[in-house]
file data02.txt (compact mmCIF, C-alpha atoms)
# COMPACT_ATOMS: atom_id res chain seq x y z
CA MET K 1 1.30 20.95 2.40
CA PRO K 2 -1.45 19.97 -0.06
CA THR K 3 -2.09 16.33 -0.85
CA PRO K 4 -0.32 15.51 -4.15
CA GLU K 5 -2.89 15.18 -6.94
CA LEU K 6 -1.80 11.68 -7.93
CA LEU K 7 -1.90 10.41 -4.35
CA ASP K 8 -5.39 11.85 -3.87
CA LYS K 9 -6.66 10.15 -7.04
CA LEU K 10 -5.10 6.83 -6.03
CA LEU K 11 -6.77 6.96 -2.61
CA ARG K 12 -10.19 7.56 -4.16
CA ALA K 13 -9.95 4.55 -6.51
CA ALA K 14 -11.19 1.21 -5.17
CA GLY K 15 -8.72 -1.61 -5.69
CA PRO K 16 -8.57 -4.56 -3.29
CA SER K 17 -6.09 -7.35 -3.95
CA GLY K 18 -6.72 -9.04 -7.28
CA HIS K 19 -8.97 -6.19 -8.43
CA GLU K 20 -6.57 -3.25 -8.80
CA THR K 21 -7.74 -2.09 -12.24
CA ALA K 22 -9.03 1.34 -11.18
CA PRO K 23 -6.00 2.61 -9.24
CA ALA K 24 -3.62 0.96 -11.75
CA LYS K 25 -5.24 2.96 -14.54
CA VAL K 26 -4.81 6.17 -12.55
CA TRP K 27 -1.16 5.32 -11.92
CA ARG K 28 -0.31 4.49 -15.53
CA GLU K 29 -2.03 7.61 -16.86
CA ALA K 30 0.08 9.74 -14.50
CA ALA K 31 3.28 7.90 -15.45
CA GLY K 32 2.51 8.39 -19.13
CA ALA K 33 2.84 12.14 -18.64
CA PHE K 34 6.61 11.86 -18.07
CA SER K 35 7.62 8.62 -19.80
CA ASP K 36 6.90 6.94 -23.11
CA ASP K 37 7.67 3.54 -21.60
CA VAL K 38 4.71 2.60 -19.39
CA ARG K 39 3.14 -0.83 -19.37
CA ALA K 40 1.24 -3.43 -17.41
CA ASP K 41 2.13 -7.09 -17.01
CA ARG K 42 -0.05 -10.19 -16.99
CA VAL K 43 -1.01 -10.05 -13.32
CA GLY K 44 -1.85 -6.33 -13.44
CA SER K 45 1.29 -4.71 -12.05
CA SER K 46 2.28 -1.40 -13.65
CA ILE K 47 5.79 -0.37 -14.73
CA VAL K 48 7.33 2.93 -15.80
CA ARG K 49 10.90 3.07 -17.10
CA ILE K 50 13.26 6.04 -17.04
CA ARG K 51 16.25 5.33 -19.24
CA SER K 52 19.80 5.88 -18.08
CA ARG K 53 21.40 9.19 -18.98
CA THR K 54 24.65 7.28 -19.62
CA PRO K 55 23.56 3.91 -21.03
CA ASP K 56 27.11 2.82 -21.86
CA ALA K 57 28.48 3.48 -18.38
CA GLY K 58 27.07 0.33 -16.80
CA GLY K 59 25.06 1.92 -14.01
CA PRO K 60 22.91 -0.57 -12.07
CA THR K 61 19.20 -0.75 -12.77
CA LEU K 62 16.95 0.30 -9.89
CA ALA K 63 13.37 -0.78 -9.20
CA VAL K 64 11.36 1.32 -6.74
CA ILE K 65 8.42 -0.86 -5.74
CA GLY K 66 5.15 0.02 -4.03
CA HIS K 67 2.06 -2.16 -3.94
CA ILE K 68 -1.15 -0.65 -5.22
CA ASP K 69 -3.69 -3.09 -3.76
CA GLU K 70 -5.61 -2.59 -0.52
CA ILE K 71 -7.58 -4.72 1.88
CA GLY K 72 -11.29 -5.13 1.24
CA VAL K 73 -14.23 -7.54 1.30
CA HIS K 74 -15.70 -10.12 -1.09
CA VAL K 75 -19.27 -11.37 -1.40
CA THR K 76 -19.66 -14.99 -0.24
CA HIS K 77 -23.44 -15.47 0.10
CA ILE K 78 -26.70 -13.67 -0.65
CA GLU K 79 -29.50 -14.47 1.78
CA ASP K 80 -33.11 -14.85 0.71
CA SER K 81 -33.83 -11.82 2.86
CA GLY K 82 -31.55 -9.72 0.64
CA PHE K 83 -28.69 -9.32 3.08
CA VAL K 84 -25.18 -9.92 1.72
CA ARG K 85 -22.63 -11.98 3.63
CA PHE K 86 -18.96 -11.42 3.01
CA GLY K 87 -15.40 -12.49 3.69
CA GLU K 88 -12.16 -10.56 4.04
CA VAL K 89 -9.67 -9.65 1.32
CA GLY K 90 -6.47 -9.29 3.29
CA GLY K 91 -6.19 -8.89 7.04
CA TRP K 92 -8.96 -7.12 8.95
CA ASP K 93 -9.74 -6.45 12.57
CA PRO K 94 -13.50 -7.05 12.12
CA ILE K 95 -14.37 -4.36 14.64
CA GLN K 96 -13.15 -1.83 12.05
CA LEU K 97 -15.94 -2.91 9.71
CA VAL K 98 -18.89 -2.43 12.07
CA GLY K 99 -21.12 0.45 11.01
CA GLN K 100 -19.07 1.32 7.93
CA ARG K 101 -20.35 2.31 4.52
CA ILE K 102 -19.22 -0.04 1.76
CA VAL K 103 -18.90 0.40 -1.99
CA LEU K 104 -19.03 -2.83 -3.99
CA THR K 105 -17.72 -3.13 -7.53
CA THR K 106 -20.29 -4.98 -9.64
CA ARG K 107 -20.78 -5.70 -13.34
CA ASP K 108 -23.15 -2.70 -13.47
CA GLY K 109 -20.83 -0.32 -11.61
CA GLU K 110 -20.57 0.81 -8.01
CA LEU K 111 -23.14 -0.38 -5.49
CA ARG K 112 -23.29 1.10 -2.03
CA GLY K 113 -24.36 -0.47 1.23
CA VAL K 114 -23.66 -0.49 4.95
CA VAL K 115 -22.14 -3.09 7.27
CA GLY K 116 -24.60 -4.12 9.95
CA ARG K 117 -24.62 -6.35 13.01
CA LYS K 118 -27.06 -7.15 15.78
CA PRO K 119 -27.70 -3.97 17.87
CA ILE K 120 -26.06 -3.86 21.29
CA HIS K 121 -29.54 -3.80 22.86
CA LEU K 122 -30.17 -7.34 21.58
CA ILE K 123 -26.78 -8.82 22.53
CA ARG K 124 -27.06 -10.74 25.80
CA GLY K 125 -24.76 -11.66 28.62
CA ASP K 126 -21.06 -12.21 28.04
CA ASP K 127 -21.51 -11.78 24.29
CA ARG K 128 -21.57 -8.03 24.88
CA ASP K 129 -17.91 -8.14 25.86
CA LYS K 130 -16.79 -10.15 22.84
CA ALA K 131 -15.32 -8.53 19.75
CA PRO K 132 -17.42 -9.18 16.63
CA LYS K 133 -16.25 -11.64 14.00
CA THR K 134 -16.74 -11.26 10.27
CA LYS K 135 -19.32 -14.07 10.29
CA ASP K 136 -21.46 -11.94 12.62
CA LEU K 137 -21.66 -9.09 10.11
CA HIS K 138 -23.58 -8.49 6.90
CA ILE K 139 -23.92 -5.85 4.19
CA ASP K 140 -27.28 -4.19 3.73
CA ILE K 141 -27.67 -2.88 0.18
CA GLY K 142 -31.31 -1.89 0.67
CA ALA K 143 -32.64 -4.86 -1.29
CA ALA K 144 -36.25 -5.90 -0.62
CA ASP K 145 -35.37 -9.59 -0.84
CA GLY K 146 -32.85 -12.08 -2.18
CA ASP K 147 -34.22 -12.00 -5.72
CA GLU K 148 -33.62 -8.26 -5.97
CA ALA K 149 -30.21 -8.52 -4.31
CA ARG K 150 -29.07 -11.19 -6.80
CA THR K 151 -29.85 -8.85 -9.70
CA LEU K 152 -27.52 -6.27 -8.17
CA VAL K 153 -24.58 -8.23 -6.79
CA ARG K 154 -22.88 -11.56 -7.51
CA ILE K 155 -20.85 -13.98 -5.47
CA GLY K 156 -17.22 -12.90 -5.75
CA ASP K 157 -17.89 -9.17 -6.15
CA VAL K 158 -15.45 -7.14 -4.06
CA GLY K 159 -15.69 -3.91 -2.14
CA VAL K 160 -13.91 -1.40 0.06
CA ILE K 161 -14.93 0.95 2.83
CA ASP K 162 -16.56 4.01 1.29
CA VAL K 163 -14.60 6.98 2.69
CA ALA K 164 -12.86 9.95 1.11
CA PRO K 165 -9.40 11.30 2.04
CA LEU K 166 -9.30 13.93 4.76
CA VAL K 167 -6.53 16.37 5.72
CA LEU K 168 -6.21 17.22 9.40
CA ARG K 169 -4.09 19.86 11.09
CA ASN K 170 -0.32 19.76 10.71
CA ASP K 171 -0.55 18.18 7.25
CA ARG K 172 -1.87 14.88 8.55
CA LEU K 173 -3.54 12.89 5.78
CA VAL K 174 -6.27 10.38 6.70
CA SER K 175 -7.69 7.75 4.34
CA ARG K 176 -8.28 4.08 3.73
CA SER K 177 -5.68 2.42 1.46
CA LEU K 178 -2.75 4.60 2.50
CA ASP K 179 -1.34 1.09 2.93
CA ASN K 180 -0.04 1.14 0.32
CA ARG K 181 -1.09 3.69 -2.27
CA ILE K 182 1.65 5.74 -0.62
CA GLY K 183 4.25 3.26 -1.87
CA ALA K 184 2.79 3.28 -5.38
CA TYR K 185 2.76 7.09 -5.33
CA VAL K 186 6.37 7.30 -4.11
CA ALA K 187 7.48 4.89 -6.86
CA ALA K 188 5.83 7.01 -9.57
CA GLU K 189 6.98 10.34 -8.14
CA THR K 190 10.55 9.11 -7.73
CA ALA K 191 10.57 8.07 -11.39
CA ARG K 192 9.14 11.45 -12.39
CA ARG K 193 11.85 13.35 -10.55
CA VAL K 194 14.58 11.17 -11.99
CA ALA K 195 13.15 11.89 -15.45
CA ALA K 196 13.07 15.62 -14.70
CA ALA K 197 16.75 15.42 -13.70
CA GLY K 198 17.65 13.90 -17.04
CA GLY K 199 17.91 10.33 -15.82
CA ALA K 200 20.23 8.47 -13.43
CA PRO K 201 23.41 6.42 -13.92
CA GLY K 202 21.28 3.35 -14.66
CA ASP K 203 17.71 2.70 -15.74
CA VAL K 204 15.15 3.46 -13.04
CA PHE K 205 11.86 1.57 -12.91
CA GLY K 206 8.86 2.69 -10.88
CA LEU K 207 6.56 -0.21 -10.05
CA ALA K 208 2.99 -0.35 -8.73
CA VAL K 209 2.59 -4.04 -8.00
CA VAL K 210 -0.53 -6.03 -7.15
CA GLN K 211 -1.69 -8.55 -4.53
CA GLU K 212 0.75 -7.73 -1.72
CA GLU K 213 -1.97 -8.02 0.89
CA THR K 214 -2.71 -11.60 -0.12
CA THR K 215 0.06 -13.37 -2.07
CA PHE K 216 3.03 -11.07 -2.95
CA ALA K 217 2.27 -12.17 -6.52
CA GLY K 218 2.86 -8.83 -8.21
CA ALA K 219 6.24 -8.19 -6.62
CA ARG K 220 7.41 -11.74 -7.30
CA THR K 221 6.41 -11.85 -10.97
CA THR K 222 7.54 -8.32 -11.82
CA ALA K 223 10.91 -8.73 -10.12
CA PHE K 224 11.36 -12.00 -12.00
CA GLY K 225 10.60 -10.29 -15.30
CA LEU K 226 12.82 -7.25 -14.74
CA GLN K 227 15.56 -8.82 -12.63
CA PRO K 228 16.81 -5.39 -11.51
CA ASP K 229 20.28 -4.95 -10.05
CA VAL K 230 18.85 -3.17 -6.99
CA ALA K 231 15.34 -2.87 -5.55
CA VAL K 232 13.85 -0.63 -2.89
CA VAL K 233 10.44 -1.61 -1.58
CA VAL K 234 8.36 1.29 -0.27
CA ASP K 235 5.63 0.47 2.23
CA VAL K 236 4.26 1.67 5.57
CA THR K 237 5.24 0.80 9.12
CA HIS K 238 3.57 1.39 12.47
CA ALA K 239 4.05 4.90 13.84
CA THR K 240 5.08 4.65 17.47
CA ASP K 241 3.53 7.91 18.69
CA GLN K 242 -0.01 6.64 19.22
CA PRO K 243 -1.37 5.40 22.57
CA GLY K 244 -0.68 1.77 23.39
CA VAL K 245 2.56 1.35 21.44
CA GLU K 246 5.54 0.30 23.55
CA LEU K 247 9.14 0.84 22.49
CA GLY K 248 11.67 -1.90 22.87
CA LEU K 249 10.91 -4.53 20.29
CA ASP K 250 9.63 -1.64 18.17
CA THR K 251 11.98 1.18 17.14
CA LYS K 252 10.91 4.78 17.64
CA HIS K 253 9.56 6.42 14.50
CA GLU K 254 7.02 9.17 15.04
CA LEU K 255 4.99 11.02 12.47
CA GLY K 256 7.14 13.78 11.02
CA SER K 257 10.44 11.99 11.67
CA GLY K 258 10.88 11.05 8.01
CA PRO K 259 10.99 7.69 6.26
CA VAL K 260 12.17 4.55 8.05
CA ILE K 261 15.15 2.68 6.61
CA ALA K 262 15.31 -0.94 7.73
CA ARG K 263 18.32 -3.07 8.48
CA GLY K 264 17.61 -6.79 8.43
CA LEU K 265 18.58 -10.33 7.62
CA SER K 266 17.10 -10.43 4.12
CA LEU K 267 17.94 -6.80 3.31
CA HIS K 268 21.15 -6.06 1.46
CA PRO K 269 23.68 -4.22 3.65
CA ALA K 270 25.32 -2.29 0.81
CA VAL K 271 22.00 -0.98 -0.49
CA THR K 272 20.86 -0.12 3.03
CA GLU K 273 24.12 1.70 3.79
CA LEU K 274 23.85 3.74 0.62
CA LEU K 275 20.32 4.76 1.60
CA LEU K 276 21.55 5.81 5.03
CA THR K 277 24.49 7.71 3.56
CA THR K 278 22.20 9.45 1.08
CA ALA K 279 19.82 10.55 3.84
CA GLU K 280 22.67 11.86 5.98
CA GLN K 281 24.42 13.73 3.18
CA GLU K 282 21.17 15.22 1.85
CA GLY K 283 19.98 16.22 5.32
CA ILE K 284 16.80 14.17 4.95
CA PRO K 285 15.17 13.28 8.29
CA HIS K 286 14.88 9.53 8.82
CA THR K 287 14.88 6.80 11.42
CA VAL K 288 16.21 3.24 11.38
CA GLU K 289 14.46 -0.01 12.30
CA SER K 290 15.76 -3.55 12.64
CA SER K 291 14.13 -6.64 11.15
CA GLY K 292 15.15 -10.00 12.60
CA ARG K 293 12.89 -12.09 10.39
CA ALA K 294 10.71 -11.40 7.35
CA THR K 295 9.81 -7.77 6.74
CA GLY K 296 6.12 -8.41 6.03
CA THR K 297 6.49 -6.43 2.79
CA ASP K 298 7.08 -7.18 -0.88
CA ALA K 299 10.79 -7.26 -0.06
CA ASP K 300 10.27 -10.81 1.24
CA ALA K 301 9.39 -11.90 -2.30
CA VAL K 302 11.69 -9.61 -4.27
CA HIS K 303 15.00 -10.39 -2.60
CA ALA K 304 14.71 -14.13 -3.31
CA THR K 305 13.38 -13.87 -6.87
CA GLY K 306 15.35 -15.39 -9.73
CA ILE K 307 19.07 -15.35 -8.93
CA GLY K 308 18.35 -12.90 -6.09
CA VAL K 309 17.86 -9.13 -6.01
CA PRO K 310 19.79 -6.87 -3.59
CA THR K 311 16.85 -5.29 -1.78
CA ALA K 312 16.17 -2.62 0.84
CA THR K 313 13.01 -1.16 2.36
CA VAL K 314 11.91 2.40 3.00
CA SER K 315 8.73 2.79 5.05
CA ILE K 316 6.39 5.64 5.95
CA PRO K 317 5.25 5.85 9.60
CA LEU K 318 1.49 5.28 9.70
CA ARG K 319 -1.10 5.25 12.49
CA TYR K 320 -4.14 2.94 12.62
CA MET K 321 -2.97 0.44 9.99
CA HIS K 322 -5.64 -1.64 8.20
CA SER K 323 -8.46 0.70 9.12
CA PRO K 324 -10.54 3.33 7.29
CA VAL K 325 -8.64 6.08 9.15
CA GLU K 326 -5.02 5.29 8.36
CA LEU K 327 -3.01 8.46 9.05
CA VAL K 328 0.36 9.76 7.86
CA ALA K 329 2.31 13.01 7.82
CA LEU K 330 2.63 14.34 4.29
CA SER K 331 6.13 15.58 5.12
CA ASP K 332 7.25 11.96 5.59
CA VAL K 333 5.91 11.05 2.14
CA GLU K 334 7.77 13.94 0.54
CA ALA K 335 10.97 13.06 2.41
CA ALA K 336 10.76 9.48 1.09
CA VAL K 337 10.55 10.77 -2.48
CA GLN K 338 13.52 13.07 -1.93
CA LEU K 339 15.53 10.21 -0.45
CA LEU K 340 14.88 7.79 -3.30
CA ALA K 341 15.41 10.37 -6.06
CA ALA K 342 18.79 11.26 -4.53
CA PHE K 343 19.61 7.58 -3.95
CA ALA K 344 19.01 6.80 -7.63
CA GLN K 345 21.65 9.37 -8.60
CA ARG K 346 24.23 7.69 -6.33
CA LEU K 347 23.82 4.23 -7.85
CA GLY K 348 26.95 4.13 -9.92
CA PRO K 349 28.78 1.23 -11.59
CA ASP K 350 31.26 1.15 -8.68
CA LEU K 351 28.62 -0.10 -6.20
CA VAL K 352 29.82 -3.42 -4.74
CA LEU K 353 26.92 -5.83 -4.15
CA GLU K 354 28.81 -8.88 -2.98
CA ARG K 355 27.96 -10.10 0.52
call {"tool": "encode", "arguments": {"input": "data02.txt", "output": "structure tokens"}}
result
Amino acid sequence: MPTPELLDKLLRAAGPSGHETAPAKVWREAAGAFSDDVRADRVGSSIVRIRSRTPDAGGPTLAVIGHIDEIGVHVTHIEDSGFVRFGEVGGWDPIQLVGQRIVLTTRDGELRGVVGRKPIHLIRGDDRDKAPKTKDLHIDIGAADGDEARTLVRIGDVGVIDVAPLVLRNDRLVSRSLDNRIGAYVAAETARRVAAAGGAPGDVFGLAVVQEETTFAGARTTAFGLQPDVAVVVDVTHATDQPGVELGLDTKHELGSGPVIARGLSLHPAVTELLLTTAEQEGIPHTVESSGRATGTDADAVHATGIGVPTATVSIPLRYMHSPVELVALSDVEAAVQLLAAFAQRLGPDLVLER
């Protein structure tokens, strides 16, 4: 299974939280190929609308939401020696950053460097056994001194790990930013397939929202503006088939087992049940997880926006989350699109959303 062209382009575009311009542009250009109603809002989230095939029938509006931002780094200090110190954009395990190549986005374009730390040979005693912290790391851009470095980079410039997508055996896709360019891709592709089918009972919106990794701002503001009747947030969840993961509190969802439909306190039971029914009737592989608190996704913002939005989540099993080698099965991504495209067609005016 080849990597979908749009997903590949999204993964190659740098866009940490608050700086999603490059992937958002890719997303909107792709959406413009199948809809004449594509726009961006004031915080940078992108929206594509597919109009109802029966606008007078009263079908509920559906928003399929994926966040398009990723974790990254931001420049906090430039030393007189020319080394660049940095902080985290979103949540990092700092050990993932050691020895990585970095691409910074500057006013003059892309600037590449490497993340360095003191060599193991020079680390003494018990410090050898301690995990590095971000404050122990720096970015080396090859500058001769601080004066040269300050002509190249400014405080507040952001960057991401400089890696390209890779396909392994059995259609396993590896890349940084799969969390959550997958969700943004699924939102766009679902909208495209609904358009190809001639529409759905109600309007369908595909959303690529910003700043999930830091504030949930994009989901909150876009949901407030649209106030859809139903929302499905598409994100990733931890695959349970890697070493060190214990089942019990976590539900079993392996790579290749399809998307994960969550049941939970803040998730709407009628929307969730319709997703489950759709998957069963369409023969789409899937698993179910239970959420006893917040979901940790944009659903936490969407469901309580405005007068409230009946919300569900669909997640893709992913290994090695928040690393440069996040890994998914492409079959799970495709199954998520099939599920949501079929779900959109089942959202009729008879859906009861009272709780």
call {"tool": "atom_distance", "arguments": {"input": "data02.txt", "atom1": "CA of Glu88 in chain K", "atom2": "CA of Ala149 in chain K"}}
result
20.0 Å
call {"tool": "residues_around", "arguments": {"input": "data02.txt", "residues": "Glu282 in chain K", "least_positions_apart": "5", "cutoff": "9 Å", "atoms": "all atoms listed in the file", "output": "list in words"}}
result
Thr277, Gln338, Leu339 and Ala342 of chain K
call {"tool": "residues_around", "arguments": {"input": "data02.txt", "residues": "Ser177 in chain K", "least_positions_apart": "3", "cutoff": "10 Å", "atoms": "all atoms listed in the file", "output": "compact mmCIF listing (two decimals) with C-alpha atoms, in the coordinates of the input"}}
result
# COMPACT_ATOMS: atom_id res chain seq x y z
CA LEU K 10 -5.10 6.83 -6.03
CA LEU K 11 -6.77 6.96 -2.61
CA ARG K 12 -10.19 7.56 -4.16
CA ALA K 13 -9.95 4.55 -6.51
CA ALA K 14 -11.19 1.21 -5.17
CA GLY K 15 -8.72 -1.61 -5.69
CA PRO K 16 -8.57 -4.56 -3.29
CA ILE K 68 -1.15 -0.65 -5.22
CA ASP K 69 -3.69 -3.09 -3.76
CA GLU K 70 -5.61 -2.59 -0.52
CA ILE K 71 -7.58 -4.72 1.88
CA GLY K 72 -11.29 -5.13 1.24
CA VAL K 160 -13.91 -1.40 0.06
CA ILE K 161 -14.93 0.95 2.83
CA PRO K 165 -9.40 11.30 2.04
CA VAL K 174 -6.27 10.38 6.70
CA ASN K 180 -0.04 1.14 0.32
CA ARG K 181 -1.09 3.69 -2.27
CA ILE K 182 1.65 5.74 -0.62
CA MET K 321 -2.97 0.44 9.99
CA HIS K 322 -5.64 -1.64 8.20
CA SER K 323 -8.46 0.70 9.12
CA PRO K 324 -10.54 3.33 7.29
CA VAL K 325 -8.64 6.08 9.15
CA GLU K 326 -5.02 5.29 8.36
call {"tool": "closest_residue", "arguments": {"input": "data02.txt", "among": "K:Arg128, K:His138, K:Arg172, K:Lys133", "to": "Val115 in chain K", "atoms": "only C-alpha atoms"}}
result
K:His138
call {"tool": "closest_atom_pairs", "arguments": {"input": "data02.txt", "of": "range 45-90 of chain K", "to": "range 185-204 of chain K", "cutoff": "12 Å", "atoms": "only C-alpha atoms", "output": "tab-separated table"}}
result
residue	atom	partner	partner_atom	distance
K:Ser46	CA	K:Ala188	CA	10.0
K:Ile47	CA	K:Ala188	CA	9.0
K:Val48	CA	K:Ala191	CA	7.5
K:Arg49	CA	K:Val204	CA	5.9
K:Ile50	CA	K:Val204	CA	5.1
K:Arg51	CA	K:Asp203	CA	4.6
K:Ser52	CA	K:Asp203	CA	4.5
K:Arg53	CA	K:Gly199	CA	4.8
K:Thr54	CA	K:Pro201	CA	5.9
K:Pro55	CA	K:Gly202	CA	6.8
K:Asp56	CA	K:Gly202	CA	9.3
K:Ala57	CA	K:Pro201	CA	7.4
K:Gly58	CA	K:Gly202	CA	6.9
K:Gly59	CA	K:Gly202	CA	4.1
K:Pro60	CA	K:Gly202	CA	5.0
K:Thr61	CA	K:Asp203	CA	4.8
K:Leu62	CA	K:Val204	CA	4.8
K:Ala63	CA	K:Val204	CA	6.0
K:Val64	CA	K:Ala187	CA	5.3
K:Ile65	CA	K:Ala187	CA	5.9
K:Gly66	CA	K:Ala187	CA	6.1
K:His67	CA	K:Ala187	CA	9.4
K:Ile68	CA	K:Tyr185	CA	8.7
call {"tool": "atom_distance", "arguments": {"input": "data02.txt", "atom1": "CA of Ala22 in chain K", "atom2": "CA of Gln227 in chain K"}}
result
26.6 Å
call {"tool": "atom_distance", "arguments": {"input": "data02.txt", "atom1": "CA of Ala217 in chain K", "atom2": "CA of Glu20 in chain K"}}
result
12.8 Å
call {"tool": "closest_residue", "arguments": {"input": "data02.txt", "among": "K:Ser81, K:Thr311, K:Thr215, K:Thr272", "to": "Ser290 in chain K", "atoms": "all atoms listed in the file"}}
result
K:Thr272
call {"tool": "closest_residue", "arguments": {"input": "data02.txt", "among": "K:Val163, K:Val333, K:Val209, K:Ala279", "to": "Thr21 in chain K", "atoms": "all atoms listed in the file"}}
result
K:Val209
call {"tool": "closest_residue", "arguments": {"input": "data02.txt", "among": "K:Phe343, K:Gly32, K:Ile316, K:Ala223", "to": "Leu275 in chain K", "atoms": "all atoms listed in the file"}}
result
K:Phe343
call {"tool": "closest_residue", "arguments": {"input": "data02.txt", "among": "K:Thr214, K:Thr313, K:Thr295, K:Thr305", "to": "Val271 in chain K", "atoms": "all atoms listed in the file"}}
result
K:Thr313
call {"tool": "residues_near_point", "arguments": {"input": "data02.txt", "point": "(-19.1, 1.2, -2.1)", "cutoff": "7 Å", "atoms": "only C-alpha atoms", "output": "MDAnalysis selection string"}}
result
chainID K and resid 101:104 110:113 159:162
call {"tool": "closest_residue", "arguments": {"input": "data02.txt", "among": "K:Asp350, K:Asp179, K:His74, K:Gln100", "to": "Pro317 in chain K", "atoms": "all atoms listed in the file"}}
result
K:Asp179
call {"tool": "residues_around", "arguments": {"input": "data02.txt", "residues": "Val328 in chain K", "least_positions_apart": "2", "cutoff": "12 Å", "atoms": "only C-alpha atoms", "output": "PyMOL selection string"}}
result
chain K and resi 3+165-182+236-242+253-259+315-321+325-326+330-334
